[in-house]
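What follows is start07.cif (mmCIF, C-alpha atoms).
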```cif
data_target
loop_
_atom_site.label_atom_id
_atom_site.label_comp_id
_atom_site.auth_asym_id
_atom_site.auth_seq_id
_atom_site.Cartn_x
_atom_site.Cartn_y
_atom_site.Cartn_z
CA MET J 1 -21.94 9.02 18.00
CA ASN J 2 -23.70 6.64 20.39
CA ALA J 3 -27.03 8.31 19.65
CA VAL J 4 -26.45 7.86 15.91
CA ARG J 5 -25.61 4.20 16.40
CA ARG J 6 -28.71 3.67 18.52
CA GLU J 7 -30.86 5.36 15.89
CA ALA J 8 -29.34 3.19 13.15
CA ALA J 9 -29.89 0.06 15.26
CA GLU J 10 -33.53 0.99 15.83
CA GLY J 11 -33.99 1.59 12.10
CA ALA J 12 -32.48 -1.79 11.27
CA ARG J 13 -34.69 -3.43 13.90
CA GLY J 14 -37.77 -1.75 12.41
CA TRP J 15 -37.40 -3.02 8.85
CA ARG J 16 -35.98 -6.38 9.87
CA ARG J 17 -38.88 -7.29 12.14
CA TRP J 18 -41.38 -6.56 9.38
CA ALA J 19 -39.24 -8.57 6.96
CA CYS J 20 -39.49 -11.48 9.40
CA MET J 21 -43.27 -11.04 9.49
CA GLY J 22 -43.51 -10.96 5.69
CA ALA J 23 -41.43 -14.12 5.27
CA CYS J 24 -43.50 -15.99 7.85
CA GLY J 25 -46.67 -14.80 6.17
CA GLY J 26 -45.51 -16.19 2.81
CA LEU J 27 -44.76 -19.62 4.26
CA PHE J 28 -47.96 -19.65 6.30
CA LEU J 29 -49.89 -18.96 3.10
CA VAL J 30 -48.48 -22.21 1.68
CA VAL J 31 -49.34 -24.05 4.92
CA ASN J 32 -52.96 -22.97 4.59
CA ILE J 33 -53.25 -24.04 0.96
CA HIS J 34 -52.30 -27.55 2.07
CA ARG J 35 -54.65 -27.34 5.06
CA TYR J 36 -57.75 -26.85 2.88
CA ALA J 37 -56.69 -28.52 -0.37
CA VAL J 38 -58.01 -32.04 0.34
CA GLY J 39 -61.47 -30.67 1.18
CA THR J 40 -61.62 -28.70 -2.08
CA LEU J 41 -60.43 -31.66 -4.15
CA ALA J 42 -62.22 -34.37 -2.16
CA GLY J 43 -64.37 -35.40 -5.13
CA PRO J 44 -61.52 -35.77 -7.67
CA LEU J 45 -59.35 -37.53 -5.09
CA MET J 46 -62.11 -40.01 -4.21
CA ALA J 47 -62.60 -40.74 -7.90
CA GLU J 48 -58.83 -40.95 -8.62
CA PHE J 49 -58.04 -43.38 -5.81
CA GLY J 50 -61.46 -45.09 -5.48
CA ALA J 51 -61.50 -43.92 -1.86
CA THR J 52 -64.22 -43.88 0.81
CA ALA J 53 -65.07 -40.91 3.02
CA VAL J 54 -63.00 -42.39 5.86
CA GLU J 55 -59.97 -42.80 3.58
CA ILE J 56 -60.22 -39.21 2.33
CA GLY J 57 -60.86 -38.06 5.90
CA GLY J 58 -57.71 -39.92 6.93
CA LEU J 59 -55.76 -38.26 4.12
CA ALA J 60 -56.91 -34.84 5.34
CA SER J 61 -56.47 -35.63 9.03
CA LEU J 62 -52.85 -36.84 8.68
CA TYR J 63 -51.89 -33.20 8.28
CA PHE J 64 -53.73 -32.26 11.46
CA TYR J 65 -52.39 -35.15 13.54
CA LEU J 66 -48.81 -34.32 12.63
CA TYR J 67 -49.40 -30.59 12.95
CA GLY J 68 -50.90 -31.05 16.39
CA PHE J 69 -48.47 -33.57 17.89
CA LEU J 70 -45.42 -31.71 16.57
CA GLN J 71 -46.39 -28.32 17.99
CA VAL J 72 -44.47 -28.74 21.24
CA PRO J 73 -41.30 -30.10 19.54
CA ALA J 74 -41.60 -27.21 17.08
CA GLY J 75 -41.86 -24.80 20.00
CA ILE J 76 -38.71 -26.25 21.54
CA LEU J 77 -36.90 -25.83 18.22
CA ALA J 78 -38.15 -22.24 17.99
CA ASP J 79 -36.90 -21.46 21.51
CA THR J 80 -33.50 -23.16 21.10
CA TRP J 81 -32.45 -23.87 17.49
CA GLY J 82 -34.03 -20.64 16.26
CA PRO J 83 -36.76 -19.73 13.73
CA ARG J 84 -34.47 -19.09 10.75
CA ARG J 85 -33.13 -22.63 10.38
CA THR J 86 -36.40 -24.21 11.48
CA LEU J 87 -38.38 -22.33 8.82
CA LEU J 88 -35.96 -23.38 6.09
CA LEU J 89 -36.30 -27.04 7.09
CA SER J 90 -40.10 -26.63 7.16
CA GLY J 91 -40.15 -25.18 3.64
CA VAL J 92 -38.08 -28.04 2.23
CA CYS J 93 -40.44 -30.62 3.78
CA LEU J 94 -43.50 -28.79 2.43
CA ALA J 95 -42.07 -28.68 -1.10
CA ALA J 96 -41.08 -32.35 -1.02
CA GLY J 97 -44.52 -33.33 0.29
CA ALA J 98 -46.30 -31.39 -2.44
CA GLY J 99 -44.17 -33.08 -5.09
CA LEU J 100 -44.73 -36.57 -3.69
CA PHE J 101 -48.49 -35.97 -3.44
CA ALA J 102 -48.58 -34.80 -7.06
CA TRP J 103 -46.66 -37.90 -8.19
CA ALA J 104 -48.68 -40.42 -6.14
CA ARG J 105 -50.39 -43.17 -8.12
CA ALA J 106 -51.98 -44.88 -5.10
CA LEU J 107 -53.22 -43.87 -1.67
CA PRO J 108 -50.12 -45.04 0.27
CA ALA J 109 -47.90 -42.65 -1.71
CA ALA J 110 -50.45 -39.85 -1.24
CA TYR J 111 -50.41 -40.56 2.49
CA ALA J 112 -46.59 -40.34 2.48
CA GLY J 113 -46.74 -36.99 0.72
CA ARG J 114 -49.29 -35.77 3.24
CA ILE J 115 -46.97 -36.85 6.09
CA LEU J 116 -44.15 -34.71 4.67
CA VAL J 117 -46.55 -31.80 4.32
CA GLY J 118 -47.62 -32.18 7.96
CA LEU J 119 -44.00 -32.32 9.11
CA GLY J 120 -43.19 -29.14 7.23
CA ALA J 121 -46.32 -27.24 8.18
CA ALA J 122 -46.10 -27.93 11.92
CA ALA J 123 -43.37 -25.43 12.76
CA VAL J 124 -44.29 -22.40 10.65
CA PHE J 125 -46.93 -20.71 12.81
CA VAL J 126 -45.11 -21.53 16.06
CA ASN J 127 -41.95 -19.89 14.75
CA ALA J 128 -43.93 -16.87 13.60
CA MET J 129 -45.24 -16.48 17.16
CA ARG J 130 -41.71 -16.91 18.51
CA LEU J 131 -40.51 -14.09 16.23
CA ILE J 132 -43.42 -11.85 17.29
CA ALA J 133 -42.62 -12.49 20.95
CA THR J 134 -38.93 -11.68 20.31
CA TRP J 135 -39.18 -8.63 18.04
CA PHE J 136 -42.38 -6.86 19.21
CA ASP J 137 -44.02 -5.48 22.36
CA PRO J 138 -46.02 -8.12 24.32
CA TRP J 139 -49.30 -6.22 24.05
CA GLN J 140 -49.07 -6.19 20.29
CA PHE J 141 -49.08 -9.98 20.32
CA ALA J 142 -52.77 -10.66 19.56
CA THR J 143 -52.87 -8.06 16.78
CA LEU J 144 -49.74 -9.38 15.11
CA VAL J 145 -50.85 -13.01 15.38
CA GLY J 146 -54.01 -11.84 13.62
CA LEU J 147 -51.95 -10.22 10.86
CA ILE J 148 -49.91 -13.39 10.33
CA ASN J 149 -53.17 -15.29 10.15
CA LEU J 150 -54.49 -12.74 7.64
CA ALA J 151 -51.51 -13.45 5.40
CA GLY J 152 -51.76 -17.18 5.94
CA THR J 153 -55.45 -17.54 5.32
CA GLY J 154 -54.88 -15.98 1.96
CA GLY J 155 -53.71 -19.52 1.32
CA GLY J 156 -57.05 -20.81 2.52
CA PHE J 157 -58.74 -18.52 0.00
CA LEU J 158 -56.44 -19.79 -2.78
CA ALA J 159 -57.26 -23.36 -1.73
CA GLY J 160 -60.95 -22.75 -2.47
CA ALA J 161 -62.24 -21.57 -5.83
CA PRO J 162 -58.77 -20.72 -7.28
CA LEU J 163 -57.42 -24.21 -6.52
CA ALA J 164 -60.58 -25.79 -7.94
CA ALA J 165 -60.14 -23.72 -11.13
CA ALA J 166 -56.46 -24.68 -11.36
CA ALA J 167 -57.34 -28.35 -10.94
CA ASP J 168 -59.92 -28.04 -13.72
CA ALA J 169 -57.32 -26.38 -15.98
CA VAL J 170 -54.17 -28.49 -15.39
CA GLY J 171 -55.43 -31.33 -13.18
CA TRP J 172 -54.97 -31.65 -9.44
CA ARG J 173 -51.49 -33.11 -9.98
CA GLY J 174 -50.34 -30.10 -11.98
CA ALA J 175 -51.71 -27.78 -9.29
CA PHE J 176 -49.61 -29.55 -6.64
CA TRP J 177 -46.46 -29.45 -8.76
CA GLY J 178 -46.92 -25.68 -9.03
CA LEU J 179 -47.47 -25.44 -5.28
CA GLY J 180 -44.19 -27.24 -4.64
CA ALA J 181 -42.28 -24.79 -6.84
CA PHE J 182 -43.84 -21.80 -5.10
CA THR J 183 -42.94 -23.29 -1.72
CA LEU J 184 -39.26 -23.42 -2.65
CA LEU J 185 -39.34 -19.71 -3.53
CA ALA J 186 -41.03 -18.84 -0.23
CA SER J 187 -38.42 -20.89 1.68
CA ALA J 188 -35.54 -19.05 0.02
CA ALA J 189 -37.18 -15.72 0.88
CA SER J 190 -37.53 -16.70 4.55
CA TRP J 191 -33.86 -17.68 4.78
CA ALA J 192 -32.87 -14.29 3.38
CA ALA J 193 -35.24 -12.22 5.55
CA VAL J 194 -35.51 -13.92 8.95
CA ARG J 195 -33.15 -13.31 11.86
CA ASP J 196 -33.75 -15.09 15.13
CA ARG J 197 -33.32 -12.06 17.41
CA PRO J 198 -32.62 -8.32 17.27
CA PRO J 199 -28.93 -7.32 16.99
CA ALA J 200 -28.75 -6.20 20.63
CA ALA J 201 -30.00 -9.58 21.84
CA GLU J 202 -27.56 -11.39 19.56
CA ALA J 203 -24.69 -9.35 21.02
CA ALA J 204 -25.80 -10.23 24.56
CA GLY J 205 -25.36 -13.95 23.93
CA GLY J 206 -26.78 -17.01 22.20
CA PRO J 207 -30.20 -18.57 22.60
CA PRO J 208 -31.10 -20.15 25.96
CA ALA J 209 -29.92 -23.69 26.62
CA VAL J 210 -32.32 -26.55 26.00
CA ARG J 211 -32.36 -27.42 29.71
CA ALA J 212 -33.35 -23.88 30.69
CA VAL J 213 -36.12 -23.80 28.08
CA LEU J 214 -37.48 -27.16 29.21
CA ARG J 215 -37.42 -26.08 32.86
CA ALA J 216 -39.32 -22.85 32.12
CA SER J 217 -41.73 -24.73 29.86
CA TRP J 218 -42.44 -27.39 32.49
CA SER J 219 -43.28 -24.67 34.99
CA ALA J 220 -45.52 -22.86 32.50
CA LEU J 221 -47.45 -26.00 31.56
CA HIS J 222 -48.47 -26.49 35.18
CA GLN J 223 -50.68 -23.42 34.90
CA ARG J 224 -54.36 -24.34 34.69
CA GLU J 225 -55.27 -21.45 32.38
CA ILE J 226 -53.13 -22.87 29.56
CA TRP J 227 -55.22 -26.04 29.55
CA LYS J 228 -58.47 -24.08 29.65
CA ALA J 229 -57.23 -22.11 26.64
CA LEU J 230 -56.35 -25.39 24.90
CA VAL J 231 -59.90 -26.74 25.41
CA ALA J 232 -61.42 -23.48 24.20
CA LYS J 233 -59.33 -23.54 21.02
CA THR J 234 -59.89 -27.24 20.39
CA GLY J 235 -63.67 -27.11 20.07
CA MET J 236 -63.70 -24.05 17.84
CA ASP J 237 -60.82 -25.24 15.65
CA SER J 238 -62.28 -28.73 15.24
CA SER J 239 -65.70 -27.51 14.14
CA ASN J 240 -64.28 -24.86 11.83
CA PHE J 241 -61.89 -27.23 10.07
CA SER J 242 -64.48 -30.01 9.80
CA PHE J 243 -66.69 -27.77 7.69
CA PHE J 244 -64.36 -25.37 5.88
CA ALA J 245 -61.35 -27.68 5.39
CA LEU J 246 -63.06 -30.99 4.60
CA TRP J 247 -66.81 -31.50 4.25
CA GLY J 248 -68.15 -28.07 3.32
CA VAL J 249 -67.73 -28.44 -0.45
CA PRO J 250 -69.13 -32.02 -0.61
CA TYR J 251 -72.06 -30.99 1.64
CA LEU J 252 -73.09 -28.05 -0.50
CA SER J 253 -72.46 -29.97 -3.74
CA GLN J 254 -74.40 -33.09 -2.77
CA ALA J 255 -77.10 -31.86 -0.41
CA TYR J 256 -77.97 -28.73 -2.39
CA ALA J 257 -76.86 -29.68 -5.92
CA MET J 258 -74.37 -26.83 -6.17
CA PRO J 259 -71.59 -27.04 -8.76
CA ARG J 260 -68.25 -27.71 -7.09
CA ALA J 261 -66.89 -24.34 -8.21
CA THR J 262 -69.87 -22.54 -6.65
CA ALA J 263 -69.56 -24.46 -3.39
CA SER J 264 -65.82 -23.69 -3.32
CA ARG J 265 -66.61 -19.98 -3.61
CA PHE J 266 -68.67 -20.15 -0.41
CA ILE J 267 -65.74 -21.81 1.35
CA SER J 268 -63.45 -19.07 0.04
CA VAL J 269 -65.82 -16.42 1.39
CA GLY J 270 -65.61 -18.10 4.79
CA VAL J 271 -61.82 -18.13 4.65
CA VAL J 272 -61.80 -14.42 3.84
CA GLY J 273 -64.01 -13.84 6.88
CA PHE J 274 -61.51 -15.65 9.10
CA ALA J 275 -58.59 -13.76 7.58
CA LEU J 276 -60.18 -10.34 8.14
CA GLY J 277 -61.57 -11.28 11.54
CA ALA J 278 -58.22 -12.34 13.01
CA PRO J 279 -56.53 -8.90 13.09
CA CYS J 280 -59.81 -7.26 14.12
CA MET J 281 -60.17 -9.63 17.06
CA GLY J 282 -56.55 -8.97 17.98
CA LEU J 283 -57.09 -5.19 17.95
CA LEU J 284 -60.27 -5.51 20.01
CA SER J 285 -58.45 -7.68 22.51
CA ASP J 286 -55.32 -5.51 22.73
CA ARG J 287 -56.86 -2.03 22.51
CA VAL J 288 -60.57 -2.15 23.45
CA PHE J 289 -61.25 -4.97 25.90
CA ARG J 290 -57.60 -5.07 27.03
CA GLY J 291 -58.02 -8.77 27.71
CA ARG J 292 -58.81 -12.09 26.03
CA ARG J 293 -61.77 -13.67 27.85
CA THR J 294 -64.56 -11.19 26.96
CA PRO J 295 -63.97 -10.99 23.19
CA LEU J 296 -63.45 -14.76 23.08
CA LEU J 297 -66.81 -15.37 24.77
CA LEU J 298 -68.75 -12.83 22.71
CA ALA J 299 -67.36 -13.89 19.33
CA GLY J 300 -67.59 -17.59 20.20
CA SER J 301 -71.29 -17.21 20.98
CA VAL J 302 -71.88 -15.51 17.62
CA TYR J 303 -69.97 -18.31 15.91
CA LEU J 304 -72.24 -20.89 17.53
CA LEU J 305 -75.37 -19.03 16.38
CA PHE J 306 -74.16 -18.91 12.77
CA TRP J 307 -74.07 -22.71 12.63
CA ALA J 308 -77.85 -22.54 12.14
CA ALA J 309 -77.11 -21.45 8.56
CA ILE J 310 -75.16 -24.67 8.00
CA PHE J 311 -78.02 -26.87 9.17
CA PHE J 312 -80.72 -24.85 7.39
CA PRO J 313 -79.23 -22.94 4.45
CA PRO J 314 -81.51 -20.06 3.38
CA GLY J 315 -83.53 -20.72 0.23
CA GLY J 316 -85.16 -18.54 -2.39
CA PRO J 317 -83.54 -16.20 -4.91
CA ARG J 318 -81.52 -14.47 -2.15
CA GLY J 319 -80.48 -17.75 -0.57
CA PRO J 320 -76.94 -17.88 -2.00
CA LEU J 321 -76.28 -14.26 -1.00
CA LEU J 322 -77.55 -14.86 2.53
CA PHE J 323 -75.58 -18.07 2.88
CA GLY J 324 -72.42 -16.31 1.70
CA ALA J 325 -72.97 -13.61 4.33
CA ALA J 326 -73.50 -16.29 6.98
CA ALA J 327 -70.30 -18.11 5.96
CA PHE J 328 -68.37 -14.82 6.18
CA GLY J 329 -69.83 -13.91 9.59
CA MET J 330 -69.33 -17.42 10.93
CA SER J 331 -65.62 -17.46 10.09
CA PHE J 332 -65.13 -13.84 11.16
CA ALA J 333 -66.40 -14.78 14.63
CA ALA J 334 -64.44 -18.07 14.67
CA SER J 335 -61.16 -16.17 14.25
CA SER J 336 -61.46 -15.24 17.94
CA LEU J 337 -60.03 -18.71 18.69
CA LEU J 338 -56.57 -17.22 18.05
CA LEU J 339 -56.93 -15.22 21.27
CA THR J 340 -56.30 -18.45 23.17
CA LEU J 341 -52.69 -18.25 21.95
CA SER J 342 -52.40 -14.80 23.50
CA VAL J 343 -53.65 -16.24 26.80
CA ALA J 344 -50.70 -18.64 26.76
CA ARG J 345 -48.27 -15.87 25.85
CA ASP J 346 -49.57 -13.55 28.59
CA ILE J 347 -48.97 -15.97 31.45
CA THR J 348 -45.58 -17.45 30.49
CA PRO J 349 -42.00 -16.08 30.61
CA PRO J 350 -40.38 -15.12 27.28
CA GLU J 351 -38.06 -18.15 27.19
CA ALA J 352 -41.07 -20.50 27.27
CA ALA J 353 -43.28 -18.54 24.85
CA GLY J 354 -42.73 -20.95 21.97
CA VAL J 355 -43.62 -24.07 23.93
CA ALA J 356 -46.61 -22.51 25.73
CA THR J 357 -48.28 -21.17 22.61
CA ALA J 358 -47.43 -24.36 20.73
CA THR J 359 -49.18 -26.44 23.39
CA VAL J 360 -52.42 -24.49 23.06
CA ASN J 361 -52.14 -24.54 19.27
CA ALA J 362 -51.62 -28.31 19.34
CA GLY J 363 -54.99 -28.92 20.96
CA GLY J 364 -56.86 -27.35 18.07
CA PHE J 365 -55.14 -29.40 15.42
CA ILE J 366 -55.22 -32.73 17.22
CA GLY J 367 -58.90 -32.11 17.88
CA ALA J 368 -59.43 -31.25 14.23
CA ALA J 369 -57.75 -34.50 13.18
CA VAL J 370 -59.96 -36.55 15.50
CA PHE J 371 -63.09 -34.72 14.40
CA GLN J 372 -62.35 -35.29 10.73
CA ILE J 373 -62.28 -39.03 11.37
CA ILE J 374 -65.41 -38.89 13.53
CA THR J 375 -67.40 -36.87 11.00
CA SER J 376 -66.19 -39.11 8.17
CA ALA J 377 -67.25 -42.24 10.07
CA ILE J 378 -70.71 -40.73 10.69
CA LEU J 379 -71.08 -39.98 6.98
CA ASP J 380 -70.14 -43.54 6.02
CA PHE J 381 -72.57 -44.91 8.64
CA PHE J 382 -75.46 -43.00 7.05
CA TRP J 383 -74.39 -43.66 3.43
CA GLU J 384 -77.26 -45.13 1.40
CA GLY J 385 -75.24 -46.43 -1.55
CA GLY J 386 -75.42 -43.37 -3.81
CA MET J 387 -72.52 -42.51 -6.14
CA VAL J 388 -71.79 -39.37 -8.17
CA GLY J 389 -68.85 -39.25 -10.57
CA GLY J 390 -67.21 -42.26 -8.92
CA ALA J 391 -67.42 -40.73 -5.43
CA ARG J 392 -69.81 -41.56 -2.61
CA ALA J 393 -72.84 -39.27 -2.30
CA TYR J 394 -74.28 -38.73 1.17
CA PRO J 395 -77.83 -37.60 2.05
CA PRO J 396 -78.36 -34.25 3.85
CA HIS J 397 -79.27 -35.91 7.17
CA ALA J 398 -75.87 -37.68 7.19
CA PHE J 399 -74.06 -34.35 7.03
CA ARG J 400 -76.30 -32.84 9.71
CA ALA J 401 -75.59 -35.75 12.04
CA ALA J 402 -71.85 -35.20 11.53
CA PHE J 403 -72.11 -31.45 12.08
CA ALA J 404 -74.12 -31.91 15.29
CA VAL J 405 -70.90 -33.17 16.91
CA CYS J 406 -69.25 -29.88 15.92
CA VAL J 407 -71.95 -27.84 17.66
CA GLY J 408 -71.38 -29.80 20.87
CA ALA J 409 -67.65 -29.07 20.69
CA ILE J 410 -68.30 -25.33 20.35
CA ALA J 411 -70.48 -25.38 23.46
CA ILE J 412 -67.64 -27.00 25.44
CA SER J 413 -65.24 -24.33 24.12
CA LEU J 414 -67.50 -21.58 25.42
CA LEU J 415 -67.61 -23.17 28.87
CA ALA J 416 -63.79 -23.31 28.95
CA ALA J 417 -63.54 -19.67 27.83
CA TRP J 418 -66.03 -18.60 30.50
CA SER J 419 -63.84 -20.16 33.21
CA LEU J 420 -60.61 -18.40 32.07
CA ARG J 421 -58.85 -16.15 34.57
CA GLU J 422 -56.46 -13.63 33.09
CA PRO J 423 -53.44 -11.89 34.66
CA ALA J 424 -53.71 -8.16 35.28
CA ARG J 425 -52.36 -6.16 32.35
CA ARG J 426 -49.02 -4.57 33.15
#
```
What would you get if you wrote out this structure as structure tokens?
Amino acid sequence: MNAVRREAAEGARGWRRWACMGACGGLFLVVNIHRYAVGTLAGPLMAEFGATAVEIGGLASLYFYLYGFLQVPAGILADTWGPRRTLLLSGVCLAAGAGLFAWARALPAAYAGRILVGLGAAAVFVNAMRLIATWFDPWQFATLVGLINLAGTGGGFLAGAPLAAAADAVGWRGAFWGLGAFTLLASAASWAAVRDRPPAAEAAGGPPAVRAVLRASWSALHQREIWKALVAKTGMDSSNFSFFALWGVPYLSQAYAMPRATASRFISVGVVGFALGAPCMGLLSDRVFRGRRTPLLLAGSVYLLFWAAIFFPPGGPRGPLLFGAAAFGMSFAASSLLLTLSVARDITPPEAAGVATATVNAGGFIGAAVFQIITSAILDFFWEGGMVGGARAYPPHAFRAAFAVCVGAIAISLLAAWSLREPARR
């Protein structure tokens, strides 16, 4: 009888943990649509609100500031309050933010909607990592984080050419109303599917007390390798988001006279590269290299080399095909930045996993927010007065000056990754 019960418990654990993964993937898809949406619709938004590059950069970066600064509080919620309730609250905030953004008639209201979106988005990925740490084996962590990212960056793909097409068909406001409705459905699904811990852990007692979590987290954050991982993720995240989430479409549209839909397709190709690269990097880390530092260094170096295609896009009849391949390879290599989260998970106790991974994740998004303002300010500095469709048009050398800062950040990331010291695999 006991053997039958154990077998039934293992079966329930098996389907439930994948249900948790699926629910998190659905919500993370929504998070990624919001992450890239302002970059795709930068032109229409500038024309709608009469905004400058800095104002649109601020609109985009609000998401990243909130996402970054709320990572540690979200990790504490994941470790104490539990993922199920936290994810429901996140979904409600995301839906409300999408609705307010769609309704906005002036920039202040759009900023308020973006604040709600940032509040809702901040906790989703952290809670997904908390659930992975709770329901799965530790040395599956990098692979499963990659799979969650694969599901989520489907949202990044939808935020490219599909979102541009939807905005052309029903207007950008209609697209955001639809996004809000979809978010409510995803939130209801997560409430039905997610359980904070396996049944055996639930029977053993409730979640750890806040004081115990904070004590374990404080001890974990004194480890130098967590801060090296944070620096490594920050440079790669900041450069990746500056191009693919904000200025990639305007750069290709203005500097190379591409239609917005065509430029959005290149961004979508890059997002697909990141989505497919994430689980591959996780498998390489978990199964081949059996560590994080080597694949992070190798892939990060390839990512840096691919930035040459951004500065000097290939011309000729095969130019678009070659640039699409470069965008795919660039993002595929950039997905190695997720291995920094596994570094944090490897060196911290289970009760501090949420806070430790959230801290490293925060660096990337705060850095991305700062970089979006920096790159926007550089563009405005080099603006020569040109306008296209009511939006500012920037010369190619302005974009290249902005992107040069991104290349410097990647170099710093590689230095931090090179200095990482990993624990021996148990």
- Could you tell me which of J:Asp196, J:Glu55, J:Asp79, J:Asp237 comes closest to Ser331 in chain J if we count all atoms listed in the file? J:Asp237
Return as AutoDock Vina command-line options the centre and edge lengths, in Å with one decimal, of the box along x, y and z that encloses every atom of range 164-180 of chain J in the file, padded by 5 Å per side.
```
--center_x -52.4 --center_y -28.4 --center_z -10.3 --size_x 26.4 --size_y 19.4 --size_z 21.3
```
- Message: Given the PyMOL selection byres ((chain J and resi 33-48) around 9) and the file above, list the residues it selects as number ranges by chain.
- Response: J: 28-32, 49-53, 55-57, 59-60, 63-64, 94, 98, 105-106, 114, 117-118, 121, 152-161, 163-164, 167, 172, 179, 241, 243-250, 260, 264, 267, 388-392
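Rounded to one decimal, CA of Phe382 in chain J and CA of Tyr394 in chain J lie 7.4 Å from each other.
In this structure, CA of Val272 in chain J sits 19.4 Å away from CA of Pro313 in chain J.
CA of Val124 in chain J is positioned 28.3 Å from CA of Thr294 in chain J.
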- Item | Near-Trp191 in chain J list (12 Å; all atoms listed in the file; drop same-chain fewer than 4 positions) as a list in words | Ala19, Cys20, Gly22, Ala23, Cys24, Gly26, Leu27, Gly82, Pro83, Arg84, Arg85, Thr86, Leu87, Leu88, Leu89, Ser90, Gly91, Val92, Leu184, Leu185, Ala186, Ser187, Arg195 and Asp196 of chain J
How would the residues just chosen look if you wrote them out with C-alpha atoms as a PDB file, in the frame of the given file?
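Wrote it out as part00.pdb, contents follow:
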```
ATOM      1  CA  ALA J  19     -39.240  -8.570   6.960  1.00  0.00           C
ATOM      2  CA  CYS J  20     -39.490 -11.480   9.400  1.00  0.00           C
ATOM      3  CA  GLY J  22     -43.510 -10.960   5.690  1.00  0.00           C
ATOM      4  CA  ALA J  23     -41.430 -14.120   5.270  1.00  0.00           C
ATOM      5  CA  CYS J  24     -43.500 -15.990   7.850  1.00  0.00           C
ATOM      6  CA  GLY J  26     -45.510 -16.190   2.810  1.00  0.00           C
ATOM      7  CA  LEU J  27     -44.760 -19.620   4.260  1.00  0.00           C
ATOM      8  CA  GLY J  82     -34.030 -20.640  16.260  1.00  0.00           C
ATOM      9  CA  PRO J  83     -36.760 -19.730  13.730  1.00  0.00           C
ATOM     10  CA  ARG J  84     -34.470 -19.090  10.750  1.00  0.00           C
ATOM     11  CA  ARG J  85     -33.130 -22.630  10.380  1.00  0.00           C
ATOM     12  CA  THR J  86     -36.400 -24.210  11.480  1.00  0.00           C
ATOM     13  CA  LEU J  87     -38.380 -22.330   8.820  1.00  0.00           C
ATOM     14  CA  LEU J  88     -35.960 -23.380   6.090  1.00  0.00           C
ATOM     15  CA  LEU J  89     -36.300 -27.040   7.090  1.00  0.00           C
ATOM     16  CA  SER J  90     -40.100 -26.630   7.160  1.00  0.00           C
ATOM     17  CA  GLY J  91     -40.150 -25.180   3.640  1.00  0.00           C
ATOM     18  CA  VAL J  92     -38.080 -28.040   2.230  1.00  0.00           C
ATOM     19  CA  LEU J 184     -39.260 -23.420  -2.650  1.00  0.00           C
ATOM     20  CA  LEU J 185     -39.340 -19.710  -3.530  1.00  0.00           C
ATOM     21  CA  ALA J 186     -41.030 -18.840  -0.230  1.00  0.00           C
ATOM     22  CA  SER J 187     -38.420 -20.890   1.680  1.00  0.00           C
ATOM     23  CA  ARG J 195     -33.150 -13.310  11.860  1.00  0.00           C
ATOM     24  CA  ASP J 196     -33.750 -15.090  15.130  1.00  0.00           C
TER      25      ASP J 196
END
```
Near-Ala308 in chain J list (12 Å; all atoms listed in the file; drop same-chain fewer than 3 positions) as a PDB file with C-alpha atoms, in the coordinates of the input:
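So the final result, stored in part20.pdb, reads:
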```pdb
ATOM      1  CA  VAL J 302     -71.880 -15.510  17.620  1.00  0.00           C
ATOM      2  CA  TYR J 303     -69.970 -18.310  15.910  1.00  0.00           C
ATOM      3  CA  LEU J 304     -72.240 -20.890  17.530  1.00  0.00           C
ATOM      4  CA  LEU J 305     -75.370 -19.030  16.380  1.00  0.00           C
ATOM      5  CA  PHE J 311     -78.020 -26.870   9.170  1.00  0.00           C
ATOM      6  CA  PHE J 312     -80.720 -24.850   7.390  1.00  0.00           C
ATOM      7  CA  PRO J 313     -79.230 -22.940   4.450  1.00  0.00           C
ATOM      8  CA  PRO J 314     -81.510 -20.060   3.380  1.00  0.00           C
ATOM      9  CA  PHE J 323     -75.580 -18.070   2.880  1.00  0.00           C
ATOM     10  CA  ALA J 326     -73.500 -16.290   6.980  1.00  0.00           C
ATOM     11  CA  ALA J 327     -70.300 -18.110   5.960  1.00  0.00           C
ATOM     12  CA  MET J 330     -69.330 -17.420  10.930  1.00  0.00           C
ATOM     13  CA  ARG J 400     -76.300 -32.840   9.710  1.00  0.00           C
ATOM     14  CA  PHE J 403     -72.110 -31.450  12.080  1.00  0.00           C
ATOM     15  CA  ALA J 404     -74.120 -31.910  15.290  1.00  0.00           C
ATOM     16  CA  CYS J 406     -69.250 -29.880  15.920  1.00  0.00           C
ATOM     17  CA  VAL J 407     -71.950 -27.840  17.660  1.00  0.00           C
TER      18      VAL J 407
END
```
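Counting all atoms listed in the file and comparing J:Leu116, J:Leu62, J:Val145, J:Ala333, the residue that lies closest to Gly270 in chain J is J:Ala333.
This file gives the following result for the PyMOL selection byres ((chain J and resi 370) around 10): Gly57, Gly58, Ser61, Leu62, Phe64, Tyr65, Ser238, Ser242, Phe365, Ile366, Gly367, Ala368, Ala369, Phe371, Gln372, Ile373, Ile374, Thr375 and Ser376 of chain J.
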